[in-house]
>>> print(open('data_6.txt').read())   # compact mmCIF, C-alpha atoms
# COMPACT_ATOMS: atom_id res chain seq x y z
CA MET A 1 -35.32 143.58 24.41
CA ASN A 2 -34.72 144.47 20.77
CA PHE A 3 -33.43 141.56 18.64
CA PHE A 4 -31.56 143.83 16.20
CA ASP A 5 -29.88 145.86 18.97
CA HIS A 6 -26.31 147.22 19.03
CA ASN A 7 -24.97 143.77 19.99
CA PHE A 8 -26.50 142.23 16.88
CA ARG A 9 -25.08 144.97 14.66
CA GLU A 10 -21.59 144.89 16.22
CA ILE A 11 -21.30 141.09 15.99
CA PHE A 12 -22.68 141.02 12.45
CA PHE A 13 -20.37 143.70 11.07
CA SER A 14 -17.27 142.33 12.82
CA GLN A 15 -18.06 138.92 11.33
CA VAL A 16 -18.46 140.37 7.83
CA VAL A 17 -15.03 142.04 8.18
CA SER A 18 -13.59 138.76 9.42
CA ILE A 19 -15.09 136.88 6.44
CA ALA A 20 -13.41 139.39 4.10
CA GLY A 21 -10.01 138.57 5.61
CA GLY A 22 -10.75 134.85 5.46
CA LEU A 23 -11.77 135.20 1.82
CA ILE A 24 -8.43 136.81 0.85
CA ALA A 25 -6.50 134.13 2.77
CA GLY A 26 -8.63 131.39 1.20
CA LEU A 27 -8.10 132.76 -2.31
CA ALA A 28 -4.33 132.85 -1.69
CA LEU A 29 -4.52 129.24 -0.47
CA ALA A 30 -6.53 128.19 -3.52
CA PHE A 31 -4.24 130.08 -5.90
CA TYR A 32 -1.12 128.43 -4.51
CA THR A 33 -2.63 124.99 -3.98
CA ASP A 34 0.02 123.35 -6.19
CA ARG A 35 2.80 124.74 -4.05
CA LEU A 36 1.00 124.07 -0.80
CA LEU A 37 0.55 120.46 -1.84
CA LEU A 38 4.30 120.18 -1.48
CA ILE A 39 4.08 120.81 2.28
CA PRO A 40 3.73 117.46 4.00
CA GLY A 41 1.47 117.78 7.03
CA LEU A 42 0.12 121.16 5.85
CA PHE A 43 -3.15 120.75 7.71
CA VAL A 44 -1.33 119.84 10.91
CA ILE A 45 0.50 123.17 10.80
CA LEU A 46 -2.21 125.43 9.35
CA PRO A 47 -4.88 125.54 12.14
CA GLY A 48 -2.37 126.20 14.92
CA PHE A 49 -0.49 128.66 12.75
CA LEU A 50 -3.63 130.65 11.95
CA GLU A 51 -4.69 130.51 15.58
CA MET A 52 -1.48 132.20 16.74
CA ARG A 53 -2.60 135.63 15.54
CA GLY A 54 -5.51 135.63 17.96
CA ASN A 55 -3.83 133.84 20.82
CA ILE A 56 -0.59 135.84 20.78
CA SER A 57 -1.23 139.17 19.02
CA GLY A 58 -4.80 139.31 20.35
CA SER A 59 -3.70 138.74 23.94
CA PHE A 60 -0.88 141.26 23.47
CA ALA A 61 -3.34 143.92 22.22
CA SER A 62 -5.74 143.05 25.02
CA ARG A 63 -3.01 143.52 27.68
CA LEU A 64 -2.09 146.88 26.11
CA SER A 65 -5.74 147.99 26.04
CA SER A 66 -6.18 147.12 29.72
CA GLY A 67 -2.99 149.07 30.54
CA LEU A 68 -4.15 152.08 28.53
CA PHE A 69 -7.58 152.15 30.15
CA LEU A 70 -6.11 151.72 33.62
CA LYS A 71 -3.62 154.52 32.78
CA VAL A 72 -0.72 152.21 33.70
CA ILE A 73 0.47 152.66 30.10
CA ASP A 74 0.96 156.24 28.91
CA ALA A 75 -0.85 156.69 25.59
CA GLY A 76 1.84 159.12 24.43
CA ARG A 77 4.85 156.84 25.03
CA ILE A 78 5.51 153.61 23.19
CA ASN A 79 9.13 153.04 24.19
CA THR A 80 8.61 151.93 27.80
CA ARG A 81 9.81 148.89 29.74
CA LEU A 82 6.28 147.48 29.95
CA ILE A 83 5.72 147.64 26.18
CA ARG A 84 9.21 146.42 25.28
CA SER A 85 8.78 143.44 27.61
CA ASN A 86 5.35 142.69 26.14
CA LEU A 87 6.85 142.76 22.64
CA VAL A 88 9.71 140.44 23.64
CA ALA A 89 7.37 138.01 25.43
CA SER A 90 4.89 137.89 22.53
CA PHE A 91 7.62 137.31 19.99
CA ALA A 92 9.28 134.61 22.13
CA LEU A 93 5.91 132.87 22.55
CA ALA A 94 5.33 133.01 18.78
CA ILE A 95 8.73 131.40 18.09
CA ILE A 96 8.18 128.62 20.64
CA VAL A 97 4.66 127.83 19.39
CA SER A 98 5.90 127.84 15.75
CA MET A 99 8.64 125.37 16.69
CA VAL A 100 6.17 123.11 18.46
CA LEU A 101 3.94 123.15 15.36
CA GLY A 102 6.97 122.16 13.27
CA VAL A 103 7.77 119.29 15.64
CA LEU A 104 4.14 118.12 15.48
CA ALA A 105 4.28 118.14 11.67
CA LEU A 106 7.61 116.25 11.78
CA ALA A 107 6.11 113.63 14.11
CA PHE A 108 3.03 113.32 11.89
CA ASN A 109 5.16 112.75 8.79
CA TYR A 110 7.36 110.23 10.57
CA PHE A 111 4.60 108.17 12.15
CA VAL A 112 2.05 108.37 9.32
CA SER A 113 4.21 108.49 6.17
CA GLY A 114 7.43 107.03 7.58
CA VAL A 115 9.37 110.02 6.24
CA PHE A 116 11.81 111.91 8.48
CA LEU A 117 11.80 115.38 6.94
CA TRP A 118 13.58 117.60 9.47
CA LYS A 119 13.20 120.71 7.29
CA ILE A 120 9.48 120.71 8.08
CA VAL A 121 10.37 122.13 11.53
CA LEU A 122 11.97 125.15 9.83
CA LEU A 123 8.88 125.94 7.76
CA PRO A 124 6.49 127.11 10.52
CA LEU A 125 9.44 128.56 12.42
CA LEU A 126 10.51 130.83 9.56
CA ALA A 127 6.90 131.61 8.64
CA GLY A 128 6.16 132.38 12.31
CA ILE A 129 9.09 134.79 12.51
CA ILE A 130 8.03 136.59 9.31
CA ALA A 131 4.32 136.73 10.22
CA ASN A 132 4.83 137.87 13.81
CA ALA A 133 7.50 140.43 12.88
CA ILE A 134 4.66 142.13 10.97
CA GLU A 135 1.66 141.19 13.08
CA ILE A 136 2.90 142.02 16.61
CA PRO A 137 4.11 145.60 15.82
CA LEU A 138 0.91 146.06 13.78
CA ALA A 139 -1.15 145.08 16.83
CA LEU A 140 0.83 147.59 18.93
CA MET A 141 0.37 150.46 16.47
CA ALA A 142 -3.30 149.68 15.86
CA THR A 143 -4.09 149.50 19.59
CA PHE A 144 -2.43 152.88 20.26
CA TYR A 145 -4.00 154.46 17.18
CA LEU A 146 -7.51 153.24 18.03
CA PHE A 147 -7.11 154.44 21.62
CA HIS A 148 -5.84 157.84 20.43
CA ILE A 149 -8.82 158.42 18.15
CA GLY A 150 -11.23 157.58 20.96
CA HIS A 151 -12.26 153.97 20.20
CA ASP A 152 -12.19 151.00 22.55
CA PRO A 153 -9.47 148.81 20.97
CA ASN A 154 -11.07 145.71 22.56
CA ASN A 155 -14.08 145.96 20.24
CA ILE A 156 -12.14 146.46 17.01
CA ILE A 157 -8.76 144.81 17.39
CA GLY A 158 -10.12 141.22 17.25
CA PRO A 159 -11.61 141.32 13.73
CA PHE A 160 -8.74 143.59 12.61
CA LEU A 161 -6.08 141.09 13.70
CA THR A 162 -8.02 138.14 12.27
CA THR A 163 -8.32 139.88 8.92
CA THR A 164 -4.74 141.10 8.61
CA GLY A 165 -3.36 138.01 10.39
CA ASP A 166 -4.90 135.58 7.91
CA ILE A 167 -3.39 137.37 4.93
CA VAL A 168 0.02 137.86 6.57
CA SER A 169 0.14 134.24 7.83
CA ILE A 170 -0.66 132.65 4.46
CA PHE A 171 1.88 134.80 2.61
CA ALA A 172 4.52 134.18 5.32
CA LEU A 173 3.95 130.44 4.90
CA LEU A 174 4.38 130.76 1.13
CA ILE A 175 7.57 132.84 1.51
CA ALA A 176 8.97 130.28 3.97
CA LEU A 177 8.12 127.50 1.52
CA VAL A 178 9.98 129.26 -1.28
CA VAL A 179 13.01 129.93 0.98
CA ILE A 180 13.20 126.41 2.41
CA MET B 1 -20.08 152.83 44.18
CA ASN B 2 -21.77 152.74 47.62
CA GLY B 3 -18.86 150.73 48.97
CA GLU B 4 -16.39 153.32 47.73
CA LYS B 5 -18.45 156.15 49.22
CA GLY B 6 -18.68 154.31 52.50
CA HIS B 7 -14.95 153.70 52.44
CA ASN B 8 -14.26 157.40 51.89
CA LEU B 9 -16.66 158.39 54.67
CA GLN B 10 -14.94 155.96 57.01
CA ILE B 11 -11.51 157.44 56.15
CA GLU B 12 -12.88 160.94 56.66
CA LYS B 13 -14.39 160.01 60.02
CA VAL B 14 -11.20 158.39 61.30
CA LEU B 15 -8.93 161.19 60.04
CA SER B 16 -11.13 163.99 61.32
CA TYR B 17 -10.96 162.37 64.72
CA SER B 18 -7.20 161.71 64.83
CA TYR B 19 -5.71 164.10 62.26
CA PRO B 20 -8.24 166.86 61.52
CA HIS B 21 -5.94 168.69 59.05
CA LEU B 22 -5.82 165.64 56.72
CA SER B 23 -9.51 164.86 56.54
CA ARG B 24 -10.17 167.14 53.55
CA HIS B 25 -7.68 165.25 51.34
CA ALA B 26 -8.91 161.88 52.48
CA VAL B 27 -12.22 162.16 50.64
CA HIS B 28 -10.37 162.90 47.38
CA LYS B 29 -8.04 159.99 47.77
CA ARG B 30 -9.93 157.17 46.12
CA PRO B 31 -8.96 153.57 46.83
CA ILE B 32 -7.02 151.90 44.02
CA SER B 33 -9.31 149.70 41.93
CA LYS B 34 -8.90 145.92 42.08
CA LYS B 35 -8.18 145.84 38.33
CA THR B 36 -5.35 148.37 38.59
CA ALA B 37 -3.88 146.60 41.61
CA PHE B 38 -3.97 143.31 39.71
CA TYR B 39 -2.36 144.86 36.61
CA ILE B 40 0.42 146.51 38.64
CA HIS B 41 1.01 143.29 40.56
CA GLU B 42 1.37 141.41 37.26
CA TYR B 43 3.26 143.97 35.17
CA GLY B 44 4.51 146.58 37.64
CA PRO B 45 8.09 147.81 38.20
CA HIS B 46 8.90 144.91 40.53
CA SER B 47 7.74 142.21 38.18
CA HIS B 48 9.73 140.43 35.48
CA ILE B 49 7.13 141.09 32.78
CA VAL B 50 8.51 138.72 30.13
CA HIS B 51 8.61 135.90 32.67
CA VAL B 52 5.08 136.57 33.94
CA ILE B 53 3.58 136.65 30.43
CA MET B 54 5.44 133.56 29.26
CA LYS B 55 4.69 131.58 32.40
CA GLU B 56 0.97 132.34 32.31
CA SER B 57 0.51 131.92 28.55
CA MET B 58 2.82 129.07 27.62
CA ARG B 59 0.79 126.08 28.82
CA VAL B 60 -2.52 127.24 27.43
CA LEU B 61 -0.93 128.26 24.09
CA LEU B 62 0.82 124.93 23.65
CA LEU B 63 -2.33 123.06 24.58
CA ALA B 64 -4.34 125.14 22.09
CA SER B 65 -1.77 124.43 19.33
CA VAL B 66 -1.77 120.69 19.97
CA ILE B 67 -5.58 120.52 20.01
CA SER B 68 -5.80 122.56 16.77
CA SER B 69 -3.21 120.33 15.11
CA LEU B 70 -5.14 117.21 16.13
CA GLY B 71 -8.15 118.65 14.32
CA GLY B 72 -5.91 119.23 11.31
CA LEU B 73 -5.00 115.53 11.25
CA ALA B 74 -8.56 114.69 10.19
CA LEU B 75 -8.32 117.09 7.27
CA GLU B 76 -4.83 115.85 6.37
CA ASN B 77 -6.32 112.40 5.81
CA ILE B 78 -8.69 113.67 3.12
CA ARG B 79 -6.19 116.21 1.80
CA SER B 80 -6.45 115.37 -1.90
CA SER B 81 -10.26 115.34 -2.07
CA PHE B 82 -10.34 118.55 -0.03
CA LEU B 83 -7.79 120.42 -2.17
CA ALA B 84 -9.53 119.26 -5.37
CA VAL B 85 -12.52 121.51 -4.61
CA GLY B 86 -11.32 125.13 -4.79
CA ALA B 87 -14.44 126.45 -3.02
CA LEU B 88 -13.65 124.29 0.05
CA VAL B 89 -10.10 125.67 0.21
CA VAL B 90 -11.48 129.23 0.12
CA LEU B 91 -14.16 128.34 2.68
CA LEU B 92 -11.70 126.92 5.27
CA PRO B 93 -10.12 130.18 6.59
CA MET B 94 -13.51 131.93 6.51
CA MET B 95 -15.11 129.19 8.63
CA ASN B 96 -12.08 129.12 10.92
CA ASN B 97 -12.33 132.88 11.51
CA MET B 98 -16.07 132.89 12.05
CA ILE B 99 -16.11 130.01 14.51
CA GLY B 100 -13.11 131.37 16.44
CA ASN B 101 -14.76 134.78 16.71
CA TYR B 102 -18.04 133.27 17.93
CA GLY B 103 -16.06 131.44 20.62
CA VAL B 104 -14.55 134.74 21.78
CA ILE B 105 -17.88 136.62 21.63
CA ILE B 106 -19.84 133.98 23.55
CA SER B 107 -17.08 133.56 26.16
CA SER B 108 -16.52 137.24 26.85
CA ARG B 109 -20.23 138.11 26.93
CA PHE B 110 -21.09 135.21 29.21
CA SER B 111 -18.16 136.11 31.51
CA THR B 112 -19.49 139.69 31.75
CA LEU B 113 -23.00 138.42 32.57
CA LEU B 114 -21.52 136.25 35.34
CA HIS B 115 -19.43 139.10 36.77
CA GLU B 116 -22.43 141.41 36.77
CA GLY B 117 -24.52 138.77 38.53
CA ARG B 118 -27.10 138.78 35.74
CA VAL B 119 -26.95 135.02 35.27
CA GLY B 120 -26.60 132.10 37.65
CA ALA B 121 -26.78 128.31 37.70
CA ASP B 122 -30.30 128.44 36.23
CA PHE B 123 -28.96 130.10 33.08
CA TRP B 124 -31.80 128.83 30.89
CA LYS B 125 -34.19 131.16 32.77
CA SER B 126 -32.15 134.22 31.77
CA ALA B 127 -33.74 136.21 28.94
CA GLU B 128 -30.31 137.69 28.11
CA VAL B 129 -28.71 134.27 27.65
CA ARG B 130 -31.60 133.13 25.45
CA MET B 131 -31.38 136.33 23.40
CA MET B 132 -27.59 135.91 23.03
CA LEU B 133 -28.02 132.33 21.77
CA LEU B 134 -30.72 133.38 19.32
CA GLN B 135 -28.76 136.38 18.00
CA VAL B 136 -25.52 134.41 17.61
CA MET B 137 -27.30 131.53 15.83
CA VAL B 138 -29.11 133.87 13.40
CA ILE B 139 -25.89 135.79 12.63
CA ALA B 140 -24.00 132.49 12.26
CA ALA B 141 -26.57 131.27 9.70
CA ILE B 142 -26.43 134.51 7.69
CA THR B 143 -22.62 134.80 7.73
CA SER B 144 -22.03 131.13 6.87
CA LEU B 145 -24.40 131.49 3.91
CA LEU B 146 -22.48 134.61 2.87
CA ALA B 147 -19.19 132.71 3.18
CA ALA B 148 -20.57 129.93 0.96
CA VAL B 149 -21.67 132.49 -1.68
CA PHE B 150 -18.16 134.04 -1.68
CA ALA B 151 -16.41 130.66 -1.77
CA VAL B 152 -18.34 129.51 -4.86
CA ALA B 153 -18.47 132.86 -6.64
CA PHE B 154 -14.73 133.49 -6.38
CA THR B 155 -13.57 130.09 -7.57
CA GLY B 156 -15.23 129.79 -10.96
CA PRO B 157 -18.61 130.04 -12.69
CA PHE B 158 -21.45 129.96 -10.15
CA ASP B 159 -22.56 126.32 -9.96
CA ILE B 160 -25.87 125.93 -8.10
CA ALA B 161 -25.29 122.26 -7.21
CA LEU B 162 -21.85 123.04 -5.80
CA PHE B 163 -23.25 126.07 -3.96
CA ALA B 164 -25.94 123.91 -2.31
CA LYS B 165 -23.29 121.48 -1.04
CA ILE B 166 -20.91 124.23 0.12
CA ALA B 167 -23.76 126.13 1.82
CA LEU B 168 -24.82 122.94 3.61
CA VAL B 169 -21.24 122.27 4.77
CA SER B 170 -20.83 125.89 5.91
CA ILE B 171 -24.18 126.32 7.71
CA ALA B 172 -24.14 122.85 9.32
CA GLY B 173 -20.48 123.19 10.34
CA VAL B 174 -20.78 126.67 11.84
CA GLY B 175 -24.22 126.00 13.41
CA ILE B 176 -23.21 122.77 15.18
CA ILE B 177 -19.91 124.14 16.49
CA VAL B 178 -21.44 127.43 17.67
CA LEU B 179 -24.13 125.52 19.59
CA LEU B 180 -21.44 123.32 21.13
CA LEU B 181 -19.33 126.37 22.06
CA PHE B 182 -22.33 127.99 23.68
CA PHE B 183 -22.92 125.11 26.07
CA VAL B 184 -19.21 124.60 26.75
CA ALA B 185 -18.83 128.32 27.58
CA ILE B 186 -21.83 128.21 29.94
CA ILE B 187 -20.81 125.02 31.75
CA ALA B 188 -17.11 125.96 32.01
CA GLY B 189 -17.97 129.60 32.85
CA LEU B 190 -20.23 128.58 35.74
CA HIS B 191 -17.59 126.10 36.94
CA PHE B 192 -14.73 128.64 37.00
CA TYR B 193 -16.94 131.36 38.48
CA LYS B 194 -17.96 128.98 41.28
CA LYS B 195 -14.26 128.36 41.95
CA LYS B 196 -13.80 132.16 42.24
CA GLU B 197 -11.62 132.34 39.13
CA ASP B 198 -12.05 134.89 36.32
CA PRO B 199 -13.83 133.00 33.48
CA ASN B 200 -12.23 135.42 30.98
CA ASN B 201 -8.84 133.80 31.51
CA PHE B 202 -10.03 130.29 30.71
CA LEU B 203 -13.04 130.46 28.42
CA ILE B 204 -11.36 132.08 25.39
CA PRO B 205 -8.49 129.56 25.04
CA ILE B 206 -10.89 126.66 25.75
CA THR B 207 -13.53 127.74 23.24
CA THR B 208 -10.93 128.72 20.57
CA SER B 209 -9.28 125.30 20.76
CA ILE B 210 -12.62 123.49 20.67
CA ALA B 211 -13.66 125.72 17.75
CA ASP B 212 -10.55 124.84 15.72
CA PHE B 213 -10.57 121.16 16.60
CA GLY B 214 -14.32 120.78 16.02
CA ASN B 215 -14.24 122.79 12.81
CA MET B 216 -11.54 120.62 11.24
CA LEU B 217 -13.13 117.38 12.39
CA LEU B 218 -16.65 118.31 11.30
CA LEU B 219 -15.43 119.80 8.02
CA SER B 220 -13.64 116.54 7.22
CA ALA B 221 -16.77 114.51 8.01
CA LEU B 222 -18.97 116.78 5.90
CA VAL B 223 -16.51 116.70 2.97
CA VAL B 224 -16.48 112.88 3.08
CA LEU B 225 -20.28 112.92 3.23
CA PHE B 226 -20.96 115.40 0.42
CA PHE B 227 -17.94 115.30 -1.94
>>> encode(input="data_6.txt", output="structure tokens")
Amino acid sequence: MNFFDHNFREIFFSQVVSIAGGLIAGLALAFYTDRLLLIPGLFVILPGFLEMRGNISGSFASRLSSGLFLKVIDAGRINTRLIRSNLVASFALAIIVSMVLGVLALAFNYFVSGVFLWKIVLLPLLAGIIANAIEIPLALMATFYLFHIGHDPNNIIGPFLTTTGDIVSIFALLIALVVI
Amino acid sequence: MNGEKGHNLQIEKVLSYSYPHLSRHAVHKRPISKKTAFYIHEYGPHSHIVHVIMKESMRVLLLASVISSLGGLALENIRSSFLAVGALVVLLPMMNNMIGNYGVIISSRFSTLLHEGRVGADFWKSAEVRMMLLQVMVIAAITSLLAAVFAVAFTGPFDIALFAKIALVSIAGVGIIVLLLFFVAIIAGLHFYKKKEDPNNFLIPITTSIADFGNMLLLSALVVLFF
């Protein structure tokens, strides 16, 4: 068994790509620290918000990949009932999870700081809508594109969604903060 | 493969006996794979796809969000000291990504080993499991060091003392959580496999939530300890 086999190389390079995405998101966070300080319960929202890209867009891409490999999904047709339903379900899940994160942040602020700031519910909700309106179609296009050019989307889509998702999520959160 | 061949031979035998004119087509008609049958059952023309996806995903997604947010509570308590160090702010998403990815990698690879029957209850005897642990730990050490270098280099002049602290936080944080994820994935994987469930469906949400929760909690403890 070779220690530096293809598994080692694949994991290592996917992690380096993932670090690059994390670095951009981290720099954006550091750059806008003053603004982010204004969000009460930021760290209650942030982990769950960042996790959504993998849990929702990742699962969406994974379902599509399985369908493509099983030939249940036609690689030449995007506008089908199966894909439309997957898009609707993923987006609905993203909205519900964003709302729950907002409620958790509201509860945290109320019980820890004694402040009832209802607008905090809107922040992850709006940011979730913005981020997933970009991220979910991106996952769809990337999965189809990777499949078309002969790659297994399962091996590439994970680090790709983590990288793009981090950047999109942080900027969506900042846009929502400015709007609200 | 042998099962499928046997199945085809059986069809051919039966058809050649009862309906000789159909026997030639029977060998070409392969049985539908279990995976395809499962996929069509879940997302086929007679299924309400949106309902199926939402019903199966909702509970685990909400649970994962609540667990992640609980981890965030620890960090929220040391918010000001955390945000005061720019390198820590940059390090957070990088660590989050890395640990989450290791959770997915360990879970999916261990699930495959279970499905292929290459590992059993005596997992510690498996050379492949030992190799996977060793590879993941070595890569985790290298990538967390790399993350620490980036975090310090991109947030100001390179301070060796700060780098040492950040590197310690990064390597210790990632190393401890990855080790924890490894054992959780093995124990939970064996448990679900024994119950005849697909470990793929459970291990990824479980390990991702533990990764997020553990990362936030451990990061908070290390920040209190070193900063």
>>> closest_residue(input="data_6.txt", among="A:Gly114, A:Pro47, A:Gly158, A:Gly58", to="Val66 in chain B", atoms="only C-alpha atoms")
A:Pro47
>>> interface_residues(input="data_6.txt", of="chain B", to="chain A", cutoff="8 Å", atoms="only C-alpha atoms", output="ChimeraX atom specification")
/B:35-36,39-40,43-44,49-51,53-54,58,61-62,64-66,68-73,75-76,83,86,89-95,97-98,101,105,131,135-136,139,143,147,150-151,154,205,212
>>> closest_residue(input="data_6.txt", among="B:Val60, B:Phe213, B:Phe227, B:Phe183", to="Trp124 in chain B", atoms="only C-alpha atoms")
B:Phe183
>>> residues_around(input="data_6.txt", residues="Val104 in chain B", least_positions_apart="2", cutoff="10 Å", atoms="all atoms listed in the file", output="PyMOL selection string")
(chain A and resi 54+158) or (chain B and resi 99-102+106-110+181+185+200+203-208+211)
>>> write_last_selection(input="data_6.txt", atoms="C-alpha atoms", output="short mmCIF file (atom, residue, chain, number, x, y, z; two decimals), in the coordinates of the input")
data_model
loop_
_atom_site.label_atom_id
_atom_site.label_comp_id
_atom_site.auth_asym_id
_atom_site.auth_seq_id
_atom_site.Cartn_x
_atom_site.Cartn_y
_atom_site.Cartn_z
CA GLY A 54 -5.51 135.63 17.96
CA GLY A 158 -10.12 141.22 17.25
CA ILE B 99 -16.11 130.01 14.51
CA GLY B 100 -13.11 131.37 16.44
CA ASN B 101 -14.76 134.78 16.71
CA TYR B 102 -18.04 133.27 17.93
CA ILE B 106 -19.84 133.98 23.55
CA SER B 107 -17.08 133.56 26.16
CA SER B 108 -16.52 137.24 26.85
CA ARG B 109 -20.23 138.11 26.93
CA PHE B 110 -21.09 135.21 29.21
CA LEU B 181 -19.33 126.37 22.06
CA ALA B 185 -18.83 128.32 27.58
CA ASN B 200 -12.23 135.42 30.98
CA LEU B 203 -13.04 130.46 28.42
CA ILE B 204 -11.36 132.08 25.39
CA PRO B 205 -8.49 129.56 25.04
CA ILE B 206 -10.89 126.66 25.75
CA THR B 207 -13.53 127.74 23.24
CA THR B 208 -10.93 128.72 20.57
CA ALA B 211 -13.66 125.72 17.75
#
>>> atom_distance(input="data_6.txt", atom1="CA of Pro157 in chain B", atom2="CA of Val85 in chain B")
13.2 Å
>>> residues_around(input="data_6.txt", residues="Trp118 in chain A", least_positions_apart="3", cutoff="12 Å", atoms="all atoms listed in the file", output="VMD selection string")
chain A and resid 40 99 102 to 110 115 121 to 124 180
>>> atom_distance(input="data_6.txt", atom1="CA of Val184 in chain B", atom2="CA of Val138 in chain B")
19.0 Å
>>> atom_distance(input="data_6.txt", atom1="CA of Ala172 in chain B", atom2="CA of Leu133 in chain B")
16.1 Å
>>> closest_residue(input="data_6.txt", among="B:Glu56, B:Gly103, B:Phe158, B:Ser111", to="Ile210 in chain B", atoms="only C-alpha atoms")
B:Gly103
>>> residues_around(input="data_6.txt", residues="range 222-226 of chain B", least_positions_apart="6", cutoff="10 Å", atoms="all atoms listed in the file", output="PyMOL selection string")
chain B and resi 75+78+81-82+85+88+162+165-166+168-170+172-173+216
>>> residues_near_point(input="data_6.txt", point="(-7.0, 144.1, 16.8)", cutoff="7 Å", atoms="only C-alpha atoms", output="MDAnalysis selection string")
chainID A and resid 58 61 139 142:143 153 156:161
>>> closest_residue(input="data_6.txt", among="B:Ala87, B:Ala74, B:Ala161, B:Ala127", to="Ser220 in chain B", atoms="only C-alpha atoms")
B:Ala74
>>> closest_residue(input="data_6.txt", among="B:Val129, B:Asn96, B:Val119, B:Val149", to="Leu218 in chain B", atoms="all atoms listed in the file")
B:Asn96
>>> closest_residue(input="data_6.txt", among="B:Phe163, B:Ile176, B:Met137, B:Leu145", to="Leu219 in chain B", atoms="all atoms listed in the file")
B:Ile176
